[in-house]
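Pasted below: model25.cif, mmCIF, C-alpha atoms.
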data_structure
#
loop_
_atom_site.label_atom_id
_atom_site.label_comp_id
_atom_site.auth_asym_id
_atom_site.auth_seq_id
_atom_site.Cartn_x
_atom_site.Cartn_y
_atom_site.Cartn_z
CA MET A 1 -0.22 -18.79 -5.44
CA ASP A 2 3.25 -19.80 -6.68
CA PHE A 3 5.91 -17.80 -8.49
CA ASN A 4 8.46 -19.25 -10.85
CA GLY A 5 10.98 -17.77 -13.22
CA ARG A 6 11.41 -20.22 -16.02
CA ASN A 7 11.95 -20.39 -19.78
CA GLY A 8 12.53 -16.66 -20.06
CA ALA A 9 9.26 -15.79 -18.39
CA LEU A 10 7.75 -15.14 -15.01
CA GLU A 11 5.01 -17.60 -14.24
CA ILE A 12 2.44 -17.08 -11.52
CA THR A 13 0.46 -20.24 -10.94
CA GLU A 14 -2.41 -21.25 -8.67
CA ILE A 15 -3.89 -17.77 -8.64
CA ASP A 16 -7.16 -17.89 -6.72
CA PRO A 17 -10.21 -16.02 -8.10
CA PHE A 18 -9.89 -13.13 -5.60
CA LEU A 19 -6.25 -12.41 -6.45
CA ALA A 20 -7.00 -12.91 -10.15
CA GLU A 21 -9.61 -10.18 -9.86
CA LEU A 22 -7.09 -7.86 -8.18
CA LEU A 23 -4.69 -8.54 -11.05
CA ARG A 24 -7.43 -7.70 -13.57
CA GLN A 25 -7.88 -4.37 -11.77
CA ILE A 26 -4.29 -3.22 -12.38
CA PRO A 27 -5.03 -1.27 -15.60
CA ALA A 28 -8.09 0.45 -14.10
CA SER A 29 -6.17 1.27 -10.93
CA THR A 30 -3.52 3.18 -12.89
CA ASN A 31 -6.15 5.71 -13.90
CA PRO A 32 -6.03 8.72 -11.55
CA GLU A 33 -9.81 9.10 -12.21
CA SER A 34 -9.67 12.87 -12.02
CA VAL A 35 -8.46 12.67 -8.43
CA PRO A 36 -6.10 15.66 -8.25
CA ALA A 37 -3.85 14.01 -5.63
CA ALA A 38 -3.37 10.92 -7.79
CA GLU A 39 -2.86 12.96 -10.96
CA GLY A 40 -0.40 15.16 -9.07
CA ARG A 41 1.58 12.17 -7.87
CA LEU A 42 1.82 10.45 -11.25
CA PHE A 43 2.79 13.74 -12.91
CA SER A 44 4.77 15.47 -10.19
CA ALA A 45 6.45 18.86 -10.63
CA PRO A 46 9.99 18.76 -12.00
CA ALA A 47 11.15 21.70 -9.88
CA GLY A 48 10.13 24.00 -7.06
CA PRO A 49 7.37 26.60 -7.53
CA ALA A 50 9.94 29.34 -8.18
CA GLU A 51 10.91 27.70 -11.48
CA THR A 52 7.69 28.72 -13.23
CA GLU A 53 9.10 28.68 -16.75
CA LEU A 54 10.67 25.24 -16.37
CA CYS A 55 7.45 23.80 -14.92
CA ALA A 56 5.34 25.35 -17.70
CA GLU A 57 7.60 23.93 -20.43
CA TRP A 58 7.52 20.54 -18.71
CA LYS A 59 3.71 20.47 -18.88
CA VAL A 60 3.78 21.18 -22.60
CA TYR A 61 6.68 19.04 -23.79
CA VAL A 62 7.50 16.32 -21.23
CA GLU A 63 4.19 15.41 -19.63
CA PRO A 64 2.63 14.14 -22.89
CA GLU A 65 5.64 11.85 -23.36
CA LEU A 66 5.26 10.52 -19.83
CA ARG A 67 1.55 9.91 -20.44
CA ARG A 68 2.39 7.90 -23.57
CA LEU A 69 5.00 5.89 -21.65
CA PHE A 70 2.59 5.08 -18.82
CA GLN A 71 -0.22 4.26 -21.26
CA GLY A 72 2.07 1.92 -23.21
CA SER A 73 3.01 0.02 -20.04
CA THR A 74 -0.62 -0.26 -18.99
CA GLU A 75 -1.62 -1.60 -22.41
CA THR A 76 1.11 -4.26 -22.29
CA VAL A 77 -0.09 -5.40 -18.87
CA ALA A 78 -3.75 -5.36 -19.98
CA SER A 79 -2.79 -7.53 -22.93
CA ASP A 80 -0.99 -10.07 -20.69
CA LEU A 81 -3.95 -10.10 -18.31
CA GLN A 82 -6.22 -11.37 -21.06
CA GLN A 83 -4.85 -14.82 -20.17
CA LEU A 84 -6.92 -14.64 -16.98
CA GLY A 85 -10.09 -14.31 -19.01
CA ASP A 86 -9.44 -17.65 -20.71
CA ASN A 87 -10.40 -19.66 -17.67
CA GLU A 88 -13.32 -21.90 -18.60
CA LYS A 89 -14.27 -22.42 -14.96
CA PRO A 90 -14.44 -18.98 -13.36
CA PHE A 91 -13.87 -20.24 -9.81
CA ASP A 92 -10.80 -22.34 -10.67
CA ASN A 93 -7.29 -21.16 -9.93
CA CYS A 94 -5.45 -19.86 -12.96
CA THR A 95 -1.96 -19.16 -14.31
CA LEU A 96 -0.39 -15.98 -15.65
CA ARG A 97 2.75 -15.94 -17.78
CA ILE A 98 4.65 -12.65 -18.08
CA PRO A 99 7.20 -12.64 -20.93
CA ARG A 100 10.73 -11.46 -20.03
CA GLU A 101 10.48 -8.38 -22.26
CA HIS A 102 7.35 -7.20 -20.43
CA SER A 103 9.01 -6.99 -17.00
CA ASP A 104 9.67 -3.23 -17.19
CA ALA A 105 6.10 -2.55 -18.32
CA TRP A 106 4.77 -4.58 -15.39
CA LEU A 107 6.97 -2.77 -12.88
CA ASN A 108 5.81 0.55 -14.30
CA ALA A 109 2.10 -0.28 -14.38
CA LEU A 110 2.19 -1.78 -10.88
CA ASN A 111 3.92 1.36 -9.65
CA GLN A 112 1.35 3.60 -11.34
CA ALA A 113 -1.43 1.62 -9.69
CA ARG A 114 0.19 1.67 -6.23
CA LEU A 115 0.92 5.41 -6.36
CA ALA A 116 -2.52 6.33 -7.70
CA LEU A 117 -4.30 4.23 -5.07
CA ALA A 118 -2.10 5.52 -2.23
CA ALA A 119 -2.70 9.12 -3.29
CA LYS A 120 -6.44 8.58 -3.83
CA TYR A 121 -6.96 7.09 -0.36
CA ASP A 122 -4.27 9.20 1.30
CA PHE A 123 -2.65 6.24 3.04
CA THR A 124 -0.24 7.13 5.82
CA GLU A 125 3.27 5.70 5.98
CA ALA A 126 2.21 3.66 9.04
CA GLU A 127 -0.71 2.15 7.11
CA LEU A 128 1.52 1.30 4.16
CA CYS A 129 3.98 -0.49 6.46
CA ASP A 130 1.28 -2.47 8.24
CA HIS A 131 1.36 -5.61 6.10
CA TYR A 132 -0.67 -7.66 8.56
CA ARG A 133 -3.72 -5.42 8.68
CA SER A 134 -6.96 -7.37 8.48
CA PRO A 135 -9.77 -7.98 7.84
CA ILE A 136 -10.82 -6.13 4.69
CA GLY A 137 -13.91 -4.22 5.75
CA SER A 138 -14.12 -1.35 3.31
CA ARG A 139 -13.11 -0.21 -0.16
CA ARG A 140 -10.24 1.67 1.49
CA ASP A 141 -9.00 -1.53 3.20
CA LEU A 142 -9.22 -3.38 -0.09
CA SER A 143 -7.19 -0.66 -1.80
CA LEU A 144 -4.51 -0.89 0.87
CA PHE A 145 -4.40 -4.65 0.32
CA GLN A 146 -4.07 -3.98 -3.43
CA VAL A 147 -1.15 -1.60 -2.85
CA ASN A 148 0.65 -4.23 -0.79
CA PHE A 149 -0.20 -7.10 -3.15
CA TYR A 150 1.08 -5.14 -6.15
CA GLY A 151 4.22 -4.28 -4.16
CA PHE A 152 4.72 -7.97 -3.47
CA LEU A 153 4.50 -8.66 -7.22
CA GLN A 154 7.01 -5.88 -7.91
CA GLU A 155 9.44 -7.40 -5.41
CA PHE A 156 9.11 -10.77 -7.10
CA ILE A 157 9.68 -9.34 -10.60
CA LEU A 158 12.71 -7.37 -9.36
CA ARG A 159 14.18 -10.45 -7.71
CA GLU A 160 13.73 -12.51 -10.85
CA MET A 161 15.23 -9.72 -12.99
CA GLU A 162 18.26 -9.61 -10.70
CA CYS A 163 18.67 -13.37 -10.87
CA GLY A 164 18.56 -13.13 -14.64
CA ASP A 165 15.80 -15.67 -14.99
CA VAL A 166 13.35 -13.11 -16.29
CA MET B 1 59.28 22.26 4.24
CA TYR B 2 59.70 25.99 4.46
CA PRO B 3 61.65 27.97 1.83
CA SER B 4 65.05 29.27 2.99
CA GLN B 5 64.31 32.81 1.87
CA PRO B 6 61.17 34.71 1.06
CA ILE B 7 59.97 34.01 -2.44
CA ALA B 8 57.44 36.80 -2.62
CA SER B 9 59.98 39.15 -4.20
CA ALA B 10 60.56 36.72 -7.06
CA VAL B 11 56.91 36.75 -7.99
CA GLU B 12 55.50 39.72 -9.80
CA SER B 13 52.24 41.06 -8.60
CA PRO B 14 49.48 39.74 -10.81
CA THR B 15 47.72 42.18 -13.06
CA ILE B 16 44.04 42.01 -12.49
CA THR B 17 41.92 42.95 -15.43
CA GLU B 18 38.21 43.24 -15.17
CA GLU B 19 36.44 40.40 -16.90
CA THR B 20 32.88 40.23 -18.07
CA LYS B 21 31.28 36.84 -18.38
CA SER B 22 28.32 35.86 -20.43
CA LYS B 23 25.08 34.87 -18.70
CA ASP B 24 25.68 31.20 -19.56
CA ALA B 25 29.15 31.22 -18.03
CA LEU B 26 27.73 32.63 -14.84
CA ASP B 27 24.91 30.11 -14.83
CA LEU B 28 25.39 27.96 -11.75
CA PRO B 29 25.17 24.22 -12.13
CA TRP B 30 21.96 22.39 -11.39
CA GLN B 31 21.41 19.29 -9.32
CA VAL B 32 19.09 16.33 -9.58
CA VAL B 33 17.38 15.63 -6.27
CA VAL B 34 15.30 12.54 -5.46
CA HIS B 35 12.78 12.92 -2.63
CA ASN B 36 11.40 10.33 -0.23
CA ASP B 37 8.19 8.59 -1.11
CA PRO B 38 6.61 6.02 1.22
CA VAL B 39 5.09 4.04 -1.65
CA ASN B 40 8.05 3.27 -3.92
CA LEU B 41 9.86 0.11 -2.85
CA MET B 42 13.46 0.41 -1.70
CA THR B 43 14.55 -2.33 -4.09
CA TYR B 44 12.76 -0.58 -6.96
CA VAL B 45 14.42 2.78 -6.21
CA THR B 46 17.83 1.07 -6.10
CA MET B 47 17.16 -0.56 -9.48
CA VAL B 48 16.14 2.80 -10.98
CA PHE B 49 19.34 4.51 -9.77
CA GLN B 50 21.39 1.71 -11.30
CA LYS B 51 19.55 2.02 -14.63
CA VAL B 52 19.40 5.82 -14.90
CA PHE B 53 22.81 6.79 -13.50
CA GLY B 54 24.70 3.56 -14.17
CA HIS B 55 25.66 3.34 -10.51
CA PRO B 56 26.93 0.05 -9.11
CA LYS B 57 24.46 -1.55 -6.73
CA GLU B 58 26.33 -0.42 -3.58
CA LYS B 59 26.30 3.25 -4.63
CA ALA B 60 22.67 3.04 -5.74
CA GLU B 61 21.73 1.57 -2.35
CA MET B 62 23.66 4.31 -0.55
CA HIS B 63 21.63 6.99 -2.35
CA MET B 64 18.40 5.07 -1.78
CA LEU B 65 19.12 4.90 1.96
CA GLU B 66 19.97 8.60 1.99
CA VAL B 67 16.58 9.34 0.42
CA HIS B 68 14.89 7.04 2.93
CA ARG B 69 16.64 8.46 6.01
CA ASN B 70 17.14 12.12 5.12
CA GLY B 71 14.17 12.65 2.84
CA ARG B 72 16.30 13.53 -0.18
CA SER B 73 19.52 12.75 -1.98
CA ILE B 74 21.47 14.63 -4.64
CA LEU B 75 22.08 12.17 -7.43
CA TRP B 76 23.84 14.34 -9.98
CA SER B 77 24.91 17.91 -10.63
CA GLY B 78 25.94 19.68 -13.80
CA ALA B 79 24.44 21.34 -16.84
CA ARG B 80 20.72 22.10 -16.78
CA GLU B 81 19.85 20.28 -19.99
CA ARG B 82 21.31 16.98 -18.79
CA ALA B 83 19.79 17.43 -15.34
CA GLU B 84 16.36 17.86 -16.96
CA LEU B 85 16.90 14.68 -18.93
CA PHE B 86 17.73 12.74 -15.77
CA VAL B 87 14.63 14.10 -14.02
CA GLN B 88 12.51 13.12 -17.01
CA GLN B 89 13.89 9.56 -16.84
CA LEU B 90 13.26 9.42 -13.08
CA HIS B 91 9.67 10.63 -13.57
CA GLY B 92 9.30 7.88 -16.18
CA TYR B 93 10.00 5.46 -13.34
CA LEU B 94 7.57 7.46 -11.16
CA LEU B 95 10.15 8.64 -8.65
CA LEU B 96 9.72 12.02 -6.97
CA ALA B 97 12.60 13.93 -8.51
CA THR B 98 13.32 17.62 -9.03
CA ILE B 99 15.94 19.79 -10.63
CA GLU B 100 17.37 22.52 -8.40
CA ARG B 101 19.92 25.28 -8.80
CA VAL B 102 23.12 24.63 -6.84
CA ASN B 103 23.49 27.34 -4.20
#

The structure given in the file should be rewritten as structure tokens.
Amino acid sequence: MDFNGRNGALEITEIDPFLAELLRQIPASTNPESVPAAEGRLFSAPAGPAETELCAEWKVYVEPELRRLFQGSTETVASDLQQLGDNEKPFDNCTLRIPREHSDAWLNALNQARLALAAKYDFTEAELCDHYRSPIGSRRDLSLFQVNFYGFLQEFILREMECGDV
Amino acid sequence: MYPSQPIASAVESPTITEETKSKDALDLPWQVVVHNDPVNLMTYVTMVFQKVFGHPKEKAEMHMLEVHRNGRSILWSGARERAELFVQQLHGYLLLATIERVN
């Protein structure tokens, strides 16, 4: 897999079928799936438990806005990911082009997915820092790989944003 | 430098009148606190601080490292309404942020 920032876009080329599938799973991974820990992490409290009034108002007025923001980012990413479905030969490597103006949406959706997965599987800090863990032997291992892979993508997008290429 | 003679006599004793302040005037400022989170990337947190607070990269990194090492960092303090707005922006970037009364 190669990364390039060119012509006002971020291009990821030579994506193998396994990583392409993980990319396709970004939108689904942002869904907390009624897992209270994941829901609680994506929509964390704005203040300590003593500030009951503030927290109650937040639920009513701010949380719906945050949900719309997160949903919008996820939809943008899902739309870009449709490029991966265009591959005529399903086992060939493919290319994904992320337009410059979608960078923030990608960072947001990738973060939603990472946080939701980490909360759902209750990964420890040590597990999250162990980037060389292998092999993948369970759904939990795969999810940890996803968290790290999505983090790698975030790093690349951030670097390209800083360079001004994307 | 010390004065050559006492100046206390030249100053009249202040008259203290009892003042009553409104609830708003007594309202202590609030602070925006960002808490550590093992999932959010350090580079991402730095970028968010730059975007939300307009900090230069060095200052944003200093706060990010404070969050990382101490578990929390106070990013801003002032009026409640503005503090809430900052926390809302930080939650939009999925950072763990809270608003707290300044003690």

Decode the PyMOL selection byres ((chain B and resi 51) around 12) for the given file into explicit residues and return them as an NGL selection string.
(:A and (104)) or (:B and (44-50 or 52-57 or 60 or 86 or 89-90 or 92-93))

Output check: residues returned by the PyMOL selection byres ((chain B) within 8 of (chain A)), as a ChimeraX atom specification:
/B:38-41,43-44,87-88,91-94,96-100

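When atom CA of Leu19 of chain A is paired with atom CA of Thr76 of chain A, their separation reads 19.3 Å.
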
What does the distance from atom CA of Glu33 of chain A to atom CA of Glu75 of chain A come to in Å, to one decimal?
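Pair atom CA of Glu33 of chain A / atom CA of Glu75 of chain A returns 16.9 Å.
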
For a cutoff of 8 Å around the file-coordinate point (19.5, 20.4, -13.6), which residues qualify once you count all atoms listed in the file? I'd like the result as a ChimeraX atom specification.
/B:29-32,77-84,87,99-101

Explicit residues for the PyMOL selection byres ((chain A and resi 101) around 12) (as a list of chain:residue names):
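Written out, the selection comes to A:Gly8, A:Ala9, A:Leu10, A:Ser73, A:Thr76, A:Val77, A:Asp80, A:Arg97, A:Ile98, A:Pro99, A:Arg100, A:His102, A:Ser103, A:Asp104, A:Ala105, A:Trp106, A:Leu107, A:Ile157, A:Met161, A:Asp165, A:Val166.
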
Could you tell me which of B:Glu58, B:Val67, B:Ile74, B:Asp37 comes closest to Leu95 of chain B if we count only C-alpha atoms?
B:Asp37

Do you have the atom CA of Ala37 of chain A-atom CA of Leu75 of chain B distance handy?
26.1 Å

Give me the residues within 10 Å of Gly71 of chain B as a list of chain:residue names, counting only C-alpha atoms and dropping any in the same chain fewer than 2 places off.
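Using only C-alpha atoms, the neighbours found are B:Val34, B:His35, B:Asn36, B:Asp37, B:Met64, B:Leu65, B:Glu66, B:Val67, B:His68, B:Arg69, B:Ser73.
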